[in-house]
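What follows is a short report on a single structure.
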Amino acid sequence: MLRIAIQKSGRLYEDSVQLLKECGIDLRNVKDRLRTEADNFPLEVFFLRDDDIPQYVEDGVADIGIVGENVLFEKNKQAEIVEKLGFGKCRLAVAIPRGLEYGGVTSLQGKRIATSYPFLVNEFLKKNNVEAEIHEISGSVEIAPGIGLADVVADLVSSGSTLFMNGLKEVETILQSQSVLIKNNQLDAAQQQLLDKLLFRIRAVKKAKRTKYVLLNAPNEKLKEIIALLPGMKSPTVLPLAEQGWSSVHSVLSEDTFWDIIEQLKAAGAQGILVVPIEKMII
Ligand code: ATP
Ligand code: MG
């Protein structure tokens, strides 16, 4: 049995449970529980505060965990990142009152910085040879300058709207973060095997999210040109349509090149282009 620690409630909860679900792992009665077992995979799930997850994984109380890099690096625990998961994206940023001039990191010299990330902020200051006073607070960091508790803040930002509403502007990025799957450093062979099985599924789900299945109709004389535009997993599937002289072409496209290629396909004479999501992708 593999034990995974995920956030009990908060910004990572939904995406973590959703990821497991997409990997075909059904969790029953997750509401208000501290632990549960999956029905159809040898997985036990612990629901914890995100701050505690790195420690649990380092200690081997949980074998693996899902946590933000911000928390993982702040806690500075021994746990290995096995996969970036692509959700919970944010950055740890320094923000100052909007009216203030900013002349680079040295402007932070001697300032009082409110943050929930004292370790990471301290590393950042050291790296930049700046001395400042760190005030650790556990939440609502953005109001600290307004109430006179600090001069500046270092806090997590995604859209920046919270900073804006509190009259702050972002001036430095300390860390770019997203959620990651971490593992204990001493998994035994059986646990590693289960992790590999889970990872195989996670990668298939991630890959599918970045890829679309495309179906289109094309006059046969345009086929060569159209096929040249389509990468496909091996090569596109081409099937004859009931209407003479026409074919249906099926392929997969990656999100990065998707819109470019669709435009080129249209220009090359493709018609009736359908784009459908892919659930899993195994290559
Ligand atoms: P817990 O009760 O588990 O300690 P929390 O209040 O510390 O929860 P949340 O606010 O739920 O944490 O955020 C969890 C994680 O979501 C963060 O550590 C970070 O990795 C990620 N995240 C993504 N965007 C943001 C954001 N704009 N602000 C805060 N966290 C964010
Ligand atoms: Mg927390």
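Ordering of the structure tokens sets the chain letters (A, B, ...); residue numbers start at 1 within each chain; ligands are numbered from 1 in the order shown.
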Gln178 in chain A environment, 6 Å, only C-alpha atoms, sequence neighbours closer than 4 positions dropped, as number ranges by chain: A: 68-69, 87-89
Output N, CA, C and O atoms of each residue in that selection to a file, as a PDB file, in the first residue's frame.
```pdb
ATOM      1  N   GLY A  68       2.864  22.489  -2.936  1.00  0.00           N
ATOM      2  CA  GLY A  68       3.441  23.556  -3.745  1.00  0.00           C
ATOM      3  C   GLY A  68       4.954  23.624  -3.519  1.00  0.00           C
ATOM      4  O   GLY A  68       5.429  23.374  -2.414  1.00  0.00           O
ATOM      5  N   GLU A  69       5.695  23.977  -4.570  1.00  0.00           N
ATOM      6  CA  GLU A  69       7.149  24.123  -4.419  1.00  0.00           C
ATOM      7  C   GLU A  69       7.467  25.189  -3.374  1.00  0.00           C
ATOM      8  O   GLU A  69       8.459  25.088  -2.654  1.00  0.00           O
ATOM      9  N   PHE A  87      -0.497  22.477 -11.750  1.00  0.00           N
ATOM     10  CA  PHE A  87      -1.540  23.316 -11.157  1.00  0.00           C
ATOM     11  C   PHE A  87      -1.001  24.029  -9.919  1.00  0.00           C
ATOM     12  O   PHE A  87       0.148  23.827  -9.531  1.00  0.00           O
ATOM     13  N   GLY A  88      -1.816  24.895  -9.310  1.00  0.00           N
ATOM     14  CA  GLY A  88      -1.352  25.667  -8.146  1.00  0.00           C
ATOM     15  C   GLY A  88      -0.225  26.615  -8.495  1.00  0.00           C
ATOM     16  O   GLY A  88       0.655  26.875  -7.683  1.00  0.00           O
ATOM     17  N   LYS A  89      -0.276  27.159  -9.718  1.00  0.00           N
ATOM     18  CA  LYS A  89       0.818  28.035 -10.135  1.00  0.00           C
ATOM     19  C   LYS A  89       0.726  29.392  -9.448  1.00  0.00           C
ATOM     20  O   LYS A  89      -0.342  29.997  -9.388  1.00  0.00           O
TER      21      LYS A  89
END
```
Can you list every residue in range 33-279 of chain A that DSSP puts in alpha helix (DSSP H), as a PyMOL selection string? chain A and resi 53-59+69-75+118-127+161-165+189-209+223-229+258-267
In Å, rounded to a single decimal, give me how far CA of Leu12 in chain A is from CA of Asn122 in chain A.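 Value for the CA of Asn122 in chain A-CA of Leu12 in chain A distance: 25.7 Å.
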Can you pull out every residue within 8 Å of range 123-140 of chain A, counting only C-alpha atoms, but drop anything in the same chain fewer than 3 positions away, and send it as a PyMOL selection string? chain A and resi 105-106+108-120+143-144+150+174
Would you export the selected residues with all heavy atoms as a CSV table (one decimal), in the first residue's frame, please?
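File produced: again24.csv:
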```csv
chain,number,residue,atom,x,y,z
A,105,VAL,N,16.8,45.9,-5.7
A,105,VAL,CA,16.8,45.1,-4.4
A,105,VAL,C,17.5,45.9,-3.3
A,105,VAL,O,17.0,45.7,-2.1
A,105,VAL,CB,17.7,43.8,-4.5
A,105,VAL,CG1,17.1,42.7,-3.7
A,105,VAL,CG2,17.8,43.4,-6.0
A,106,THR,N,18.4,46.7,-3.6
A,106,THR,CA,19.1,47.5,-2.5
A,106,THR,C,18.1,48.4,-1.7
A,106,THR,O,18.4,48.8,-0.6
A,106,THR,CB,20.3,48.3,-3.0
A,106,THR,OG1,19.9,49.0,-4.2
A,106,THR,CG2,21.5,47.4,-3.3
A,108,LEU,N,15.6,47.5,-0.5
A,108,LEU,CA,15.0,46.8,0.6
A,108,LEU,C,15.9,46.8,1.9
A,108,LEU,O,15.5,46.4,3.0
A,108,LEU,CB,14.8,45.3,0.2
A,108,LEU,CG,13.8,45.1,-1.0
A,108,LEU,CD1,13.8,43.6,-1.4
A,108,LEU,CD2,12.4,45.6,-0.7
A,109,GLN,N,17.1,47.4,1.7
A,109,GLN,CA,18.0,47.5,2.9
A,109,GLN,C,17.3,48.1,4.1
A,109,GLN,O,16.8,49.2,3.9
A,109,GLN,CB,19.2,48.3,2.4
A,109,GLN,CG,20.3,48.4,3.5
A,109,GLN,CD,21.1,47.1,3.7
A,109,GLN,OE1,21.3,46.3,2.8
A,109,GLN,NE2,21.6,46.9,4.9
A,110,GLY,N,17.4,47.5,5.2
A,110,GLY,CA,16.9,48.0,6.5
A,110,GLY,C,15.4,48.0,6.6
A,110,GLY,O,14.8,48.5,7.6
A,111,LYS,N,14.7,47.5,5.6
A,111,LYS,CA,13.2,47.6,5.6
A,111,LYS,C,12.7,46.4,6.5
A,111,LYS,O,13.3,45.4,6.8
A,111,LYS,CB,12.6,47.4,4.2
A,111,LYS,CG,13.0,48.6,3.3
A,111,LYS,CD,12.0,49.7,3.6
A,111,LYS,CE,12.1,50.8,2.6
A,111,LYS,NZ,13.3,51.6,2.6
A,112,ARG,N,11.4,46.6,6.9
A,112,ARG,CA,10.7,45.5,7.6
A,112,ARG,C,9.8,44.8,6.6
A,112,ARG,O,9.0,45.4,6.0
A,112,ARG,CB,9.8,46.1,8.7
A,112,ARG,CG,10.6,46.8,9.9
A,112,ARG,CD,9.6,47.5,10.8
A,112,ARG,NE,8.8,48.5,10.0
A,112,ARG,CZ,7.7,49.0,10.4
A,112,ARG,NH1,7.2,48.7,11.6
A,112,ARG,NH2,7.1,49.9,9.6
A,113,ILE,N,10.1,43.5,6.5
A,113,ILE,CA,9.4,42.7,5.5
A,113,ILE,C,8.5,41.7,6.2
A,113,ILE,O,8.9,40.8,6.9
A,113,ILE,CB,10.4,41.9,4.6
A,113,ILE,CG1,11.4,42.8,4.0
A,113,ILE,CG2,9.6,41.1,3.5
A,113,ILE,CD1,12.4,42.1,3.1
A,114,ALA,N,7.2,41.8,5.9
A,114,ALA,CA,6.2,40.8,6.5
A,114,ALA,C,6.1,39.7,5.5
A,114,ALA,O,5.9,39.9,4.3
A,114,ALA,CB,4.9,41.5,6.7
A,115,THR,N,6.1,38.4,6.0
A,115,THR,CA,6.0,37.3,5.1
A,115,THR,C,5.7,36.0,5.9
A,115,THR,O,5.9,35.9,7.1
A,115,THR,CB,7.3,37.0,4.3
A,115,THR,OG1,7.1,36.0,3.4
A,115,THR,CG2,8.5,36.6,5.3
A,116,SER,N,5.1,35.0,5.2
A,116,SER,CA,4.9,33.7,5.8
A,116,SER,C,6.0,32.8,5.3
A,116,SER,O,6.0,31.6,5.5
A,116,SER,CB,3.6,33.1,5.3
A,116,SER,OG,2.5,34.0,5.6
A,117,TYR,N,7.0,33.3,4.6
A,117,TYR,CA,8.1,32.5,4.0
A,117,TYR,C,9.5,33.1,4.5
A,117,TYR,O,10.3,33.5,3.6
A,117,TYR,CB,8.0,32.5,2.5
A,117,TYR,CG,6.7,31.8,2.0
A,117,TYR,CD1,5.5,32.5,2.0
A,117,TYR,CD2,6.8,30.5,1.8
A,117,TYR,CE1,4.3,31.8,1.6
A,117,TYR,CE2,5.6,29.8,1.4
A,117,TYR,CZ,4.4,30.4,1.4
A,117,TYR,OH,3.3,29.8,1.0
A,118,PRO,N,9.7,33.0,5.8
A,118,PRO,CA,11.0,33.6,6.3
A,118,PRO,C,12.2,33.0,5.7
A,118,PRO,O,13.2,33.7,5.4
A,118,PRO,CB,10.9,33.4,7.8
A,118,PRO,CG,9.9,32.3,8.0
A,118,PRO,CD,8.9,32.5,6.8
A,119,PHE,N,12.2,31.7,5.5
A,119,PHE,CA,13.4,31.0,5.0
A,119,PHE,C,13.7,31.4,3.6
A,119,PHE,O,14.9,31.8,3.3
A,119,PHE,CB,13.2,29.4,5.1
A,119,PHE,CG,14.3,28.7,4.5
A,119,PHE,CD1,15.5,28.5,5.3
A,119,PHE,CD2,14.3,28.1,3.2
A,119,PHE,CE1,16.6,27.7,4.8
A,119,PHE,CE2,15.4,27.4,2.7
A,119,PHE,CZ,16.5,27.2,3.5
A,120,LEU,N,12.7,31.4,2.7
A,120,LEU,CA,13.0,31.8,1.3
A,120,LEU,C,13.3,33.2,1.2
A,120,LEU,O,14.2,33.6,0.4
A,120,LEU,CB,11.7,31.4,0.5
A,120,LEU,CG,11.5,30.0,0.3
A,120,LEU,CD1,10.1,29.7,-0.5
A,120,LEU,CD2,12.6,29.3,-0.5
A,143,ILE,N,-1.9,43.0,4.3
A,143,ILE,CA,-2.4,44.2,5.0
A,143,ILE,C,-1.3,44.8,5.9
A,143,ILE,O,-1.5,45.9,6.5
A,143,ILE,CB,-3.7,43.9,5.9
A,143,ILE,CG1,-3.4,42.9,7.0
A,143,ILE,CG2,-4.8,43.5,5.0
A,143,ILE,CD1,-4.5,42.9,8.1
A,144,ALA,N,-0.2,44.1,6.1
A,144,ALA,CA,0.9,44.5,7.0
A,144,ALA,C,1.3,46.0,6.8
A,144,ALA,O,1.4,46.7,7.8
A,144,ALA,CB,2.0,43.5,7.0
A,150,ALA,N,4.8,46.5,8.8
A,150,ALA,CA,5.9,46.3,8.0
A,150,ALA,C,6.0,47.4,6.9
A,150,ALA,O,5.0,48.1,6.7
A,150,ALA,CB,5.9,44.9,7.4
A,174,ILE,N,10.7,36.1,-6.1
A,174,ILE,CA,11.7,35.3,-5.3
A,174,ILE,C,11.6,33.9,-5.9
A,174,ILE,O,12.7,33.2,-6.0
A,174,ILE,CB,11.4,35.3,-3.8
A,174,ILE,CG1,11.5,36.8,-3.3
A,174,ILE,CG2,12.3,34.4,-3.1
A,174,ILE,CD1,11.2,37.0,-1.8
```
Find the spatial neighbours of Ile262 in chain A, counting only C-alpha atoms, within a cut-off of 10 Å - ignore same-chain residues fewer than 4 positions away - and output them as a list in words.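 In the requested form, the answer reads Val214, Leu229, Leu230, Leu253, Thr257, Phe258, Lys266, Ala267, Ala268, Ala270, Ile273 and Val275 of chain A.
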Among listed residues A:Leu198, A:Arg3, A:Gly245, A:Gly272, nearest Glu221 in chain A (using only C-alpha atoms):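 Between A:Leu198, A:Arg3, A:Gly245, A:Gly272, the residue approaching Glu221 in chain A most closely is A:Gly245.
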Using only C-alpha atoms and all ligand atoms, which of the listed residues (A:Asp32, A:Glu74, A:Asp59, A:Glu37) sits closest to ligand 2?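 The answer is A:Glu74, which sits nearest to ligand 2.
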List the neighbours of Gly269 in chain A out to 12 Å using only C-alpha atoms; skip same-chain residues closer than 4 positions along the sequence, and give me the result as a VMD selection string. chain A and resid 216 to 227 229 246 to 247 262 to 265 273
Given the choices A:Asn40, A:Asn76, A:Gln18, A:Asn70, which gets closest to ligand 2 if the distance is worked out from only C-alpha atoms and all ligand atoms? A:Asn70
Between CA of Gln192 in chain A and atom 5 (P, counted along the ligand's line) of ligand 1, what is the spacing in Å?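 Atom-to-atom, atom 5 (P, counted along the ligand's line) of ligand 1 to CA of Gln192 in chain A, that is 29.0 Å.
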